[in-house]
Amino acid sequence: MTESQFTMFTTPWCGYCHRLKSQLDREGITFDLVDIEQQPDAAFTVEQANGGNQTVPTLLFTDGSTLTNPSVAQIKERLASLS
């Protein structure tokens with residue numbers, strides 16, 4: 001099992017989150033999933049990355065960088081730069 005390289009912050013009702021999760025699953029990219037409605041401290045992390053807004057999907061990478069509502073291509077680029 002590959003160690004996940006980022007965490008996706010999401011909500012159950014977010015269509016963009018569901019689409020991105022499906023795309024990442026198809027690509028075989030592993031990640032952790034956190035529902036910000038269930039974990040208020042995670043919502044704070046998302047707000048910090050997005051100027052006070054709870055915008056999802058927000059991805060937090062192992063180097064502390066974030067991407068908000070990225071494409072799979074943007075995620076692959078970031079992962080390549082981290083390895």
# chains A, B, ... in the order shown; residues from 1 in each chain; ligands from 1
$ residues_around --residues "Ala43 in chain A" --least-positions-apart "4" --cutoff "12 Å" --atoms "only C-alpha atoms" --output "PDB file with N, CA and C atoms, in the first residue's frame"
ATOM      1  N   MET A   8      -7.338  15.242   1.120  1.00  0.00           N
ATOM      2  CA  MET A   8      -8.403  16.008   0.474  1.00  0.00           C
ATOM      3  C   MET A   8      -9.456  16.339   1.526  1.00  0.00           C
ATOM      4  N   PHE A   9      -9.693  17.633   1.696  1.00  0.00           N
ATOM      5  CA  PHE A   9     -10.749  18.084   2.588  1.00  0.00           C
ATOM      6  C   PHE A   9     -12.012  18.252   1.749  1.00  0.00           C
ATOM      7  N   THR A  10     -13.128  17.724   2.245  1.00  0.00           N
ATOM      8  CA  THR A  10     -14.337  17.606   1.455  1.00  0.00           C
ATOM      9  C   THR A  10     -15.575  17.761   2.333  1.00  0.00           C
ATOM     10  N   THR A  11     -16.749  17.758   1.700  1.00  0.00           N
ATOM     11  CA  THR A  11     -18.037  17.649   2.394  1.00  0.00           C
ATOM     12  C   THR A  11     -18.856  16.600   1.644  1.00  0.00           C
ATOM     13  N   VAL A  34     -10.912  13.801   4.354  1.00  0.00           N
ATOM     14  CA  VAL A  34     -11.398  14.355   5.616  1.00  0.00           C
ATOM     15  C   VAL A  34     -12.652  15.180   5.348  1.00  0.00           C
ATOM     16  N   ASP A  35     -13.743  14.840   6.032  1.00  0.00           N
ATOM     17  CA  ASP A  35     -15.006  15.580   5.943  1.00  0.00           C
ATOM     18  C   ASP A  35     -14.942  16.749   6.934  1.00  0.00           C
ATOM     19  N   ILE A  36     -14.918  17.988   6.415  1.00  0.00           N
ATOM     20  CA  ILE A  36     -14.757  19.151   7.304  1.00  0.00           C
ATOM     21  C   ILE A  36     -16.006  19.411   8.144  1.00  0.00           C
ATOM     22  N   GLU A  37     -17.138  18.820   7.769  1.00  0.00           N
ATOM     23  CA  GLU A  37     -18.340  18.968   8.603  1.00  0.00           C
ATOM     24  C   GLU A  37     -18.257  18.080   9.841  1.00  0.00           C
ATOM     25  N   GLN A  38     -17.456  17.024   9.767  1.00  0.00           N
ATOM     26  CA  GLN A  38     -17.290  16.108  10.900  1.00  0.00           C
ATOM     27  C   GLN A  38     -16.094  16.492  11.780  1.00  0.00           C
ATOM     28  N   GLN A  39     -15.163  17.263  11.227  1.00  0.00           N
ATOM     29  CA  GLN A  39     -13.939  17.627  11.955  1.00  0.00           C
ATOM     30  C   GLN A  39     -13.712  19.136  11.871  1.00  0.00           C
ATOM     31  N   GLU A  47     -10.012  26.899   5.894  1.00  0.00           N
ATOM     32  CA  GLU A  47     -10.171  28.359   5.943  1.00  0.00           C
ATOM     33  C   GLU A  47      -8.822  29.057   5.831  1.00  0.00           C
ATOM     34  N   GLN A  48      -7.811  28.528   6.504  1.00  0.00           N
ATOM     35  CA  GLN A  48      -6.472  29.126   6.445  1.00  0.00           C
ATOM     36  C   GLN A  48      -5.920  29.101   5.021  1.00  0.00           C
ATOM     37  N   ALA A  49      -6.209  28.042   4.279  1.00  0.00           N
ATOM     38  CA  ALA A  49      -5.690  27.893   2.921  1.00  0.00           C
ATOM     39  C   ALA A  49      -6.457  28.748   1.915  1.00  0.00           C
ATOM     40  N   ASN A  50      -7.673  29.184   2.280  1.00  0.00           N
ATOM     41  CA  ASN A  50      -8.567  29.836   1.326  1.00  0.00           C
ATOM     42  C   ASN A  50      -9.081  31.189   1.796  1.00  0.00           C
ATOM     43  N   GLY A  52     -10.079  32.385   4.586  1.00  0.00           N
ATOM     44  CA  GLY A  52     -11.229  32.406   5.482  1.00  0.00           C
ATOM     45  C   GLY A  52     -12.444  31.660   4.952  1.00  0.00           C
ATOM     46  N   ASN A  53     -12.382  31.184   3.719  1.00  0.00           N
ATOM     47  CA  ASN A  53     -13.514  30.464   3.121  1.00  0.00           C
ATOM     48  C   ASN A  53     -13.358  28.956   3.280  1.00  0.00           C
ATOM     49  N   GLN A  54     -14.480  28.280   3.458  1.00  0.00           N
ATOM     50  CA  GLN A  54     -14.464  26.813   3.546  1.00  0.00           C
ATOM     51  C   GLN A  54     -14.700  26.239   2.149  1.00  0.00           C
ATOM     52  N   THR A  55     -13.736  26.442   1.259  1.00  0.00           N
ATOM     53  CA  THR A  55     -13.842  25.993  -0.122  1.00  0.00           C
ATOM     54  C   THR A  55     -13.293  24.574  -0.239  1.00  0.00           C
ATOM     55  N   VAL A  56     -14.118  23.671  -0.780  1.00  0.00           N
ATOM     56  CA  VAL A  56     -13.700  22.286  -0.992  1.00  0.00           C
ATOM     57  C   VAL A  56     -13.947  21.914  -2.441  1.00  0.00           C
ATOM     58  N   PRO A  57     -13.178  20.987  -3.014  1.00  0.00           N
ATOM     59  CA  PRO A  57     -12.086  20.275  -2.352  1.00  0.00           C
ATOM     60  C   PRO A  57     -10.830  21.145  -2.212  1.00  0.00           C
ATOM     61  N   THR A  58     -10.245  21.089  -1.018  1.00  0.00           N
ATOM     62  CA  THR A  58      -8.929  21.671  -0.778  1.00  0.00           C
ATOM     63  C   THR A  58      -7.989  20.515  -0.466  1.00  0.00           C
TER      64      THR A  58
END
$ select_by_dssp --residues "chain A" --states "strand (DSSP E)" --output "list in words"
Phe6, Thr7, Met8, Phe9, Thr10, Asp32, Leu33, Val34, Asp35, Thr58, Leu59, Leu60, Phe61, Thr66, Leu67 and Thr68 of chain A
$ atom_distance --atom1 "CA of Ser4 in chain A" --atom2 "CA of Glu77 in chain A"
15.5 Å
$ atom_distance --atom1 "CA of Lys76 in chain A" --atom2 "CA of Trp13 in chain A"
25.0 Å
$ closest_residue --among "A:Leu20, A:Ala80, A:Val46, A:Cys14" --to "Thr66 in chain A" --atoms "only C-alpha atoms"
A:Val46
$ decode --residues "range 30-73 of chain A" --atoms "C-alpha atoms" --output "PDB file, in the first residue's frame"
ATOM      1  CA  THR A  30      -3.831   7.472  -2.992  1.00  0.00           C
ATOM      2  CA  PHE A  31      -4.931  10.160  -0.550  1.00  0.00           C
ATOM      3  CA  ASP A  32      -6.600  10.680   2.799  1.00  0.00           C
ATOM      4  CA  LEU A  33     -10.144  12.023   2.867  1.00  0.00           C
ATOM      5  CA  VAL A  34     -11.398  14.355   5.616  1.00  0.00           C
ATOM      6  CA  ASP A  35     -15.006  15.580   5.943  1.00  0.00           C
ATOM      7  CA  ILE A  36     -14.757  19.151   7.304  1.00  0.00           C
ATOM      8  CA  GLU A  37     -18.340  18.968   8.603  1.00  0.00           C
ATOM      9  CA  GLN A  38     -17.290  16.108  10.900  1.00  0.00           C
ATOM     10  CA  GLN A  39     -13.939  17.627  11.955  1.00  0.00           C
ATOM     11  CA  PRO A  40     -14.099  21.345  12.854  1.00  0.00           C
ATOM     12  CA  ASP A  41     -10.281  21.581  13.170  1.00  0.00           C
ATOM     13  CA  ALA A  42     -10.066  20.441   9.538  1.00  0.00           C
ATOM     14  CA  ALA A  43     -12.493  23.211   8.539  1.00  0.00           C
ATOM     15  CA  PHE A  44     -10.062  25.683  10.133  1.00  0.00           C
ATOM     16  CA  THR A  45      -7.215  24.261   8.007  1.00  0.00           C
ATOM     17  CA  VAL A  46      -9.333  24.787   4.874  1.00  0.00           C
ATOM     18  CA  GLU A  47     -10.171  28.359   5.943  1.00  0.00           C
ATOM     19  CA  GLN A  48      -6.472  29.126   6.445  1.00  0.00           C
ATOM     20  CA  ALA A  49      -5.690  27.893   2.921  1.00  0.00           C
ATOM     21  CA  ASN A  50      -8.567  29.836   1.326  1.00  0.00           C
ATOM     22  CA  GLY A  51      -8.609  33.290   2.876  1.00  0.00           C
ATOM     23  CA  GLY A  52     -11.229  32.406   5.482  1.00  0.00           C
ATOM     24  CA  ASN A  53     -13.514  30.464   3.121  1.00  0.00           C
ATOM     25  CA  GLN A  54     -14.464  26.813   3.546  1.00  0.00           C
ATOM     26  CA  THR A  55     -13.842  25.993  -0.122  1.00  0.00           C
ATOM     27  CA  VAL A  56     -13.700  22.286  -0.992  1.00  0.00           C
ATOM     28  CA  PRO A  57     -12.086  20.275  -2.352  1.00  0.00           C
ATOM     29  CA  THR A  58      -8.929  21.671  -0.778  1.00  0.00           C
ATOM     30  CA  LEU A  59      -5.845  19.451  -0.915  1.00  0.00           C
ATOM     31  CA  LEU A  60      -3.064  19.668   1.662  1.00  0.00           C
ATOM     32  CA  PHE A  61       0.244  18.118   0.562  1.00  0.00           C
ATOM     33  CA  THR A  62       3.006  16.637   2.727  1.00  0.00           C
ATOM     34  CA  ASP A  63       5.137  19.784   2.246  1.00  0.00           C
ATOM     35  CA  GLY A  64       2.365  21.978   3.669  1.00  0.00           C
ATOM     36  CA  SER A  65       1.315  23.416   0.290  1.00  0.00           C
ATOM     37  CA  THR A  66      -2.343  23.440  -0.778  1.00  0.00           C
ATOM     38  CA  LEU A  67      -4.425  23.374  -3.960  1.00  0.00           C
ATOM     39  CA  THR A  68      -8.101  24.336  -4.111  1.00  0.00           C
ATOM     40  CA  ASN A  69     -10.413  22.584  -6.585  1.00  0.00           C
ATOM     41  CA  PRO A  70      -7.460  21.431  -8.729  1.00  0.00           C
ATOM     42  CA  SER A  71      -7.480  19.310 -11.866  1.00  0.00           C
ATOM     43  CA  VAL A  72      -5.895  15.854 -11.842  1.00  0.00           C
ATOM     44  CA  ALA A  73      -3.126  17.290 -14.060  1.00  0.00           C
TER      45      ALA A  73
END
